[in-house]
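Undergrad: Here you go, target26.pdb (PDB, C-alpha atoms, pLDDT in the B column):
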ATOM      1  CA  MET W   1       0.064 109.265  26.957  1.00 48.00           C
ATOM      2  CA  GLU W   2      -1.973 106.340  25.653  1.00 50.00           C
ATOM      3  CA  THR W   3      -0.837 104.189  22.835  1.00 52.00           C
ATOM      4  CA  VAL W   4      -3.444 103.196  20.352  1.00 45.00           C
ATOM      5  CA  VAL W   5      -3.151  99.651  19.090  1.00 45.00           C
ATOM      6  CA  GLU W   6      -4.698  98.996  15.745  1.00 47.00           C
ATOM      7  CA  GLN W   7      -6.417  95.678  15.414  1.00 55.00           C
ATOM      8  CA  ASP W   8      -6.249  93.854  12.150  1.00 70.00           C
ATOM      9  CA  THR W   9      -9.639  93.528  10.583  1.00 80.00           C
ATOM     10  CA  PRO W  10     -10.344  89.857   9.996  1.00 82.00           C
ATOM     11  CA  THR W  11     -10.448  88.701   6.415  1.00 87.00           C
ATOM     12  CA  ASP W  12     -13.040  86.353   4.995  1.00 89.00           C
ATOM     13  CA  ARG W  13     -10.519  83.498   5.313  1.00 90.00           C
ATOM     14  CA  ASP W  14     -10.157  84.337   9.014  1.00 90.00           C
ATOM     15  CA  ARG W  15     -13.903  84.350   9.536  1.00 92.00           C
ATOM     16  CA  ILE W  16     -14.405  81.037   7.733  1.00 93.00           C
ATOM     17  CA  SER W  17     -11.467  79.430   9.534  1.00 93.00           C
ATOM     18  CA  ARG W  18     -12.791  80.635  12.880  1.00 93.00           C
ATOM     19  CA  ILE W  19     -16.205  79.120  12.179  1.00 94.00           C
ATOM     20  CA  MET W  20     -14.598  75.850  11.120  1.00 94.00           C
ATOM     21  CA  VAL W  21     -12.445  75.756  14.276  1.00 95.00           C
ATOM     22  CA  ILE W  22     -15.555  76.215  16.388  1.00 95.00           C
ATOM     23  CA  ALA W  23     -17.302  73.480  14.361  1.00 94.00           C
ATOM     24  CA  VAL W  24     -14.429  71.015  14.893  1.00 95.00           C
ATOM     25  CA  HIS W  25     -14.395  71.633  18.629  1.00 94.00           C
ATOM     26  CA  ALA W  26     -18.197  71.437  18.768  1.00 92.00           C
ATOM     27  CA  LEU W  27     -17.980  68.077  17.006  1.00 91.00           C
ATOM     28  CA  TYR W  28     -15.555  66.954  19.701  1.00 91.00           C
ATOM     29  CA  LEU W  29     -17.991  68.092  22.390  1.00 89.00           C
ATOM     30  CA  THR W  30     -20.943  66.344  20.747  1.00 84.00           C
ATOM     31  CA  SER W  31     -18.994  63.097  20.991  1.00 82.00           C
ATOM     32  CA  LEU W  32     -18.859  63.395  24.801  1.00 77.00           C
ATOM     33  CA  PRO W  33     -21.864  61.156  25.504  1.00 74.00           C
ATOM     34  CA  LEU W  34     -20.331  58.546  23.228  1.00 68.00           C
ATOM     35  CA  LEU W  35     -17.016  58.881  25.051  1.00 63.00           C
ATOM     36  CA  LEU W  36     -18.718  57.998  28.329  1.00 68.00           C
ATOM     37  CA  ILE W  37     -19.850  54.625  26.997  1.00 67.00           C
ATOM     38  CA  PRO W  38     -16.407  52.970  27.159  1.00 62.00           C
ATOM     39  CA  LEU W  39     -15.771  54.436  30.603  1.00 63.00           C
ATOM     40  CA  ALA W  40     -19.078  53.142  31.938  1.00 66.00           C
ATOM     41  CA  MET W  41     -18.535  49.756  30.346  1.00 65.00           C
ATOM     42  CA  ALA W  42     -15.046  49.514  31.806  1.00 62.00           C
ATOM     43  CA  ILE W  43     -16.239  50.382  35.293  1.00 64.00           C
ATOM     44  CA  HIS W  44     -18.999  47.767  35.109  1.00 63.00           C
ATOM     45  CA  ALA W  45     -16.659  45.098  33.660  1.00 61.00           C
ATOM     46  CA  MET W  46     -18.376  44.895  30.299  1.00 58.00           C
ATOM     47  CA  PRO W  47     -16.639  44.424  26.950  1.00 57.00           C
ATOM     48  CA  THR W  48     -14.965  47.608  25.694  1.00 52.00           C
ATOM     49  CA  LEU W  49     -15.636  47.268  21.976  1.00 51.00           C
ATOM     50  CA  PRO W  50     -17.556  50.598  21.661  1.00 55.00           C
ATOM     51  CA  ILE W  51     -14.333  52.512  22.399  1.00 55.00           C
ATOM     52  CA  TRP W  52     -13.672  52.676  18.661  1.00 59.00           C
ATOM     53  CA  PHE W  53     -17.271  53.673  17.959  1.00 63.00           C
ATOM     54  CA  SER W  54     -16.949  56.594  20.349  1.00 65.00           C
ATOM     55  CA  ALA W  55     -13.969  57.902  18.381  1.00 70.00           C
ATOM     56  CA  VAL W  56     -15.987  58.348  15.160  1.00 79.00           C
ATOM     57  CA  PRO W  57     -17.010  62.006  15.771  1.00 83.00           C
ATOM     58  CA  LEU W  58     -13.468  62.768  16.919  1.00 84.00           C
ATOM     59  CA  ALA W  59     -12.097  61.137  13.789  1.00 87.00           C
ATOM     60  CA  GLY W  60     -14.394  63.308  11.660  1.00 90.00           C
ATOM     61  CA  GLY W  61     -13.074  66.447  13.347  1.00 92.00           C
ATOM     62  CA  ALA W  62      -9.470  65.268  13.064  1.00 93.00           C
ATOM     63  CA  LEU W  63      -9.894  64.335   9.399  1.00 94.00           C
ATOM     64  CA  TYR W  64     -11.357  67.736   8.609  1.00 93.00           C
ATOM     65  CA  SER W  65      -8.532  69.403  10.556  1.00 94.00           C
ATOM     66  CA  TYR W  66      -5.961  67.445   8.543  1.00 93.00           C
ATOM     67  CA  MET W  67      -7.571  68.585   5.288  1.00 93.00           C
ATOM     68  CA  VAL W  68      -7.798  72.311   6.021  1.00 92.00           C
ATOM     69  CA  ARG W  69      -4.911  73.127   8.341  1.00 89.00           C
ATOM     70  CA  LYS W  70      -2.405  73.922   5.571  1.00 90.00           C
ATOM     71  CA  LYS W  71      -4.872  76.205   3.785  1.00 90.00           C
ATOM     72  CA  ALA W  72      -5.944  78.109   6.895  1.00 91.00           C
ATOM     73  CA  PRO W  73      -4.322  81.364   8.033  1.00 91.00           C
ATOM     74  CA  GLU W  74      -1.417  80.837  10.419  1.00 89.00           C
ATOM     75  CA  LYS W  75      -3.356  81.795  13.535  1.00 88.00           C
ATOM     76  CA  TRP W  76      -5.992  79.155  12.819  1.00 92.00           C
ATOM     77  CA  GLN W  77      -3.506  76.465  11.793  1.00 93.00           C
ATOM     78  CA  THR W  78      -2.530  76.158  15.446  1.00 92.00           C
ATOM     79  CA  HIS W  79      -6.146  75.383  16.341  1.00 93.00           C
ATOM     80  CA  PHE W  80      -6.360  72.653  13.722  1.00 95.00           C
ATOM     81  CA  ASP W  81      -2.992  71.234  14.791  1.00 94.00           C
ATOM     82  CA  GLU W  82      -4.177  71.050  18.392  1.00 94.00           C
ATOM     83  CA  ALA W  83      -7.401  69.326  17.298  1.00 95.00           C
ATOM     84  CA  VAL W  84      -5.367  66.649  15.519  1.00 94.00           C
ATOM     85  CA  GLN W  85      -3.102  66.272  18.542  1.00 94.00           C
ATOM     86  CA  THR W  86      -6.159  65.920  20.786  1.00 94.00           C
ATOM     87  CA  PHE W  87      -7.503  63.120  18.606  1.00 92.00           C
ATOM     88  CA  TRP W  88      -4.270  61.145  18.666  1.00 93.00           C
ATOM     89  CA  SER W  89      -3.863  61.703  22.414  1.00 94.00           C
ATOM     90  CA  TYR W  90      -7.361  60.325  22.943  1.00 89.00           C
ATOM     91  CA  ILE W  91      -6.689  57.252  20.797  1.00 88.00           C
ATOM     92  CA  PHE W  92      -3.343  56.556  22.502  1.00 93.00           C
ATOM     93  CA  LEU W  93      -4.726  56.916  26.027  1.00 91.00           C
ATOM     94  CA  MET W  94      -7.773  54.780  25.264  1.00 85.00           C
ATOM     95  CA  MET W  95      -5.522  52.064  23.846  1.00 86.00           C
ATOM     96  CA  LEU W  96      -3.469  52.187  27.039  1.00 90.00           C
ATOM     97  CA  GLY W  97      -6.701  52.046  29.015  1.00 87.00           C
ATOM     98  CA  VAL W  98      -7.790  48.883  27.250  1.00 81.00           C
ATOM     99  CA  LEU W  99      -4.324  47.363  27.588  1.00 86.00           C
ATOM    100  CA  PHE W 100      -4.032  48.059  31.315  1.00 86.00           C
ATOM    101  CA  TYR W 101      -7.683  47.570  32.205  1.00 78.00           C
ATOM    102  CA  PHE W 102      -7.126  44.039  33.432  1.00 78.00           C
ATOM    103  CA  ALA W 103      -4.115  45.078  35.540  1.00 77.00           C
ATOM    104  CA  MET W 104      -6.039  46.057  38.665  1.00 73.00           C
ATOM    105  CA  PHE W 105      -8.291  48.390  36.658  1.00 77.00           C
ATOM    106  CA  ILE W 106      -5.469  50.900  36.114  1.00 86.00           C
ATOM    107  CA  GLY W 107      -6.772  51.370  32.579  1.00 85.00           C
ATOM    108  CA  ILE W 108      -9.756  53.327  33.870  1.00 85.00           C
ATOM    109  CA  VAL W 109      -7.360  56.110  34.897  1.00 89.00           C
ATOM    110  CA  PHE W 110      -6.061  56.353  31.322  1.00 90.00           C
ATOM    111  CA  MET W 111      -9.638  56.475  30.026  1.00 85.00           C
ATOM    112  CA  PHE W 112     -10.581  59.288  32.403  1.00 88.00           C
ATOM    113  CA  VAL W 113      -7.474  61.257  31.381  1.00 93.00           C
ATOM    114  CA  ALA W 114      -8.381  60.808  27.701  1.00 90.00           C
ATOM    115  CA  TYR W 115     -11.894  62.071  28.381  1.00 87.00           C
ATOM    116  CA  TYR W 116     -10.548  65.061  30.327  1.00 93.00           C
ATOM    117  CA  ILE W 117      -8.144  66.001  27.539  1.00 94.00           C
ATOM    118  CA  VAL W 118     -10.936  66.058  24.954  1.00 92.00           C
ATOM    119  CA  VAL W 119     -13.231  68.134  27.170  1.00 92.00           C
ATOM    120  CA  HIS W 120     -10.532  70.572  28.241  1.00 95.00           C
ATOM    121  CA  ARG W 121      -9.052  71.185  24.802  1.00 95.00           C
ATOM    122  CA  ALA W 122     -12.421  71.480  23.072  1.00 95.00           C
ATOM    123  CA  ILE W 123     -13.725  74.057  25.544  1.00 95.00           C
ATOM    124  CA  ARG W 124     -10.427  75.938  25.516  1.00 95.00           C
ATOM    125  CA  GLY W 125     -10.363  75.875  21.697  1.00 94.00           C
ATOM    126  CA  ILE W 126     -13.881  77.291  21.408  1.00 95.00           C
ATOM    127  CA  TYR W 127     -13.066  79.963  23.984  1.00 95.00           C
ATOM    128  CA  ARG W 128      -9.934  81.023  22.105  1.00 93.00           C
ATOM    129  CA  ALA W 129     -11.731  81.023  18.765  1.00 93.00           C
ATOM    130  CA  ILE W 130     -14.467  83.242  20.166  1.00 93.00           C
ATOM    131  CA  LYS W 131     -11.752  85.629  21.393  1.00 92.00           C
ATOM    132  CA  TRP W 132     -10.075  85.524  17.928  1.00 89.00           C
ATOM    133  CA  SER W 133      -6.811  84.251  19.386  1.00 89.00           C
ATOM    134  CA  GLY W 134      -4.564  81.434  18.269  1.00 85.00           C
ATOM    135  CA  VAL W 135      -3.101  78.615  20.304  1.00 84.00           C
ATOM    136  CA  THR W 136       0.168  79.587  21.926  1.00 78.00           C
ATOM    137  CA  PRO W 137       2.710  76.823  22.547  1.00 67.00           C
TER     138      PRO W 137
END
Could the structure of this file be written out as structure tokens, please?

TA:
Amino acid sequence: METVVEQDTPTDRDRISRIMVIAVHALYLTSLPLLLIPLAMAIHAMPTLPIWFSAVPLAGGALYSYMVRKKAPEKWQTHFDEAVQTFWSYIFLMMLGVLFYFAMFIGIVFMFVAYYIVVHRAIRGIYRAIKWSGVTP
């Protein structure tokens, strides 16, 4: 005997939150070319000042996530929380990358990890939002 599972019909708040989650993650992905600038400059031993410039689109997504995460439905709050966590992880790892860059170029590893985290979480976030699922801890 089959069990029939009823799916909740999404409300307008769910639909809007889903679109905004996709927009935040898309903003993170559009910053990818800018995120490559500090990595390329570090590899070629150039000054790493544009690291902070590359974080501007990420900061926009994180700022928006901060503003709307308490008003969003619970399922979508987890997406916004993860977007904020991704931003701070990126900033922390890039700071470590700059700090340890001159120690036998170990900082480049931190910069690559920061880049990977942004790419991975943004793609995973969009995929989950398209599937209408939240972020599970």

Undergrad: Which one of W:Pro57, W:Ser17, W:Ile91, W:Thr30 sits closest to Val119 in chain W if you count only C-alpha atoms?

TA: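 Counting only C-alpha atoms, the residue closest to Val119 in chain W is W:Thr30.
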
Undergrad: Using all atoms listed in the file for the distances, tell me which of W:Ala83, W:Ala72, W:Met104, W:Met111 is nearest to His25 in chain W.

TA: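 Going through W:Ala83, W:Ala72, W:Met104, W:Met111 one by one, the smallest distance to His25 in chain W is for W:Ala83.
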
Undergrad: For the structure provided, state which residues fall under the PyMOL selection byres ((chain W and resi 62) around 9), and present them as an MDAnalysis selection string.

TA: chainID W and resid 24 57:61 63:67 80:81 83:88

Undergrad: Mind writing the picked residues with C-alpha atoms as an mmCIF file, in the frame of the given file?

TA:
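The result, stored in result-v2.cif:
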data_model
loop_
_atom_site.group_PDB
_atom_site.id
_atom_site.type_symbol
_atom_site.label_atom_id
_atom_site.label_comp_id
_atom_site.auth_asym_id
_atom_site.auth_seq_id
_atom_site.Cartn_x
_atom_site.Cartn_y
_atom_site.Cartn_z
ATOM 1 C CA VAL W 24 -14.429 71.015 14.893
ATOM 2 C CA PRO W 57 -17.010 62.006 15.771
ATOM 3 C CA LEU W 58 -13.468 62.768 16.919
ATOM 4 C CA ALA W 59 -12.097 61.137 13.789
ATOM 5 C CA GLY W 60 -14.394 63.308 11.660
ATOM 6 C CA GLY W 61 -13.074 66.447 13.347
ATOM 7 C CA LEU W 63 -9.894 64.335 9.399
ATOM 8 C CA TYR W 64 -11.357 67.736 8.609
ATOM 9 C CA SER W 65 -8.532 69.403 10.556
ATOM 10 C CA TYR W 66 -5.961 67.445 8.543
ATOM 11 C CA MET W 67 -7.571 68.585 5.288
ATOM 12 C CA PHE W 80 -6.360 72.653 13.722
ATOM 13 C CA ASP W 81 -2.992 71.234 14.791
ATOM 14 C CA ALA W 83 -7.401 69.326 17.298
ATOM 15 C CA VAL W 84 -5.367 66.649 15.519
ATOM 16 C CA GLN W 85 -3.102 66.272 18.542
ATOM 17 C CA THR W 86 -6.159 65.920 20.786
ATOM 18 C CA PHE W 87 -7.503 63.120 18.606
ATOM 19 C CA TRP W 88 -4.270 61.145 18.666
#

Undergrad: Do you know which residues are at most 12 Å from Tyr116 in chain W counting all atoms listed in the file, after dropping those on the same chain fewer than 2 positions away, and could you put them as JSON, numbers by chain?

TA: {"W": [28, 29, 32, 35, 36, 39, 86, 89, 90, 93, 94, 109, 110, 111, 112, 113, 114, 118, 119, 120, 121, 122, 123, 124]}

Undergrad: Work out how far CA of Gly125 in chain W is from CA of Ile108 in chain W, in Å to one decimal.

TA: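 CA of Gly125 in chain W lies at a distance of 25.6 Å from CA of Ile108 in chain W.
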
Undergrad: CA of Gly134 in chain W and CA of Tyr115 in chain W are how many Å apart?

TA: 23.0 Å

Undergrad: Adding 8 Å on each side of the box along x, y and z that holds all listed atoms of range 107-118 of chain W, could you give its centre and edge lengths in Å to one decimal, as JSON?

TA:
{"center_x": -9.0, "center_y": 58.7, "center_z": 29.9, "size_x": 21.8, "size_y": 30.7, "size_z": 25.9}
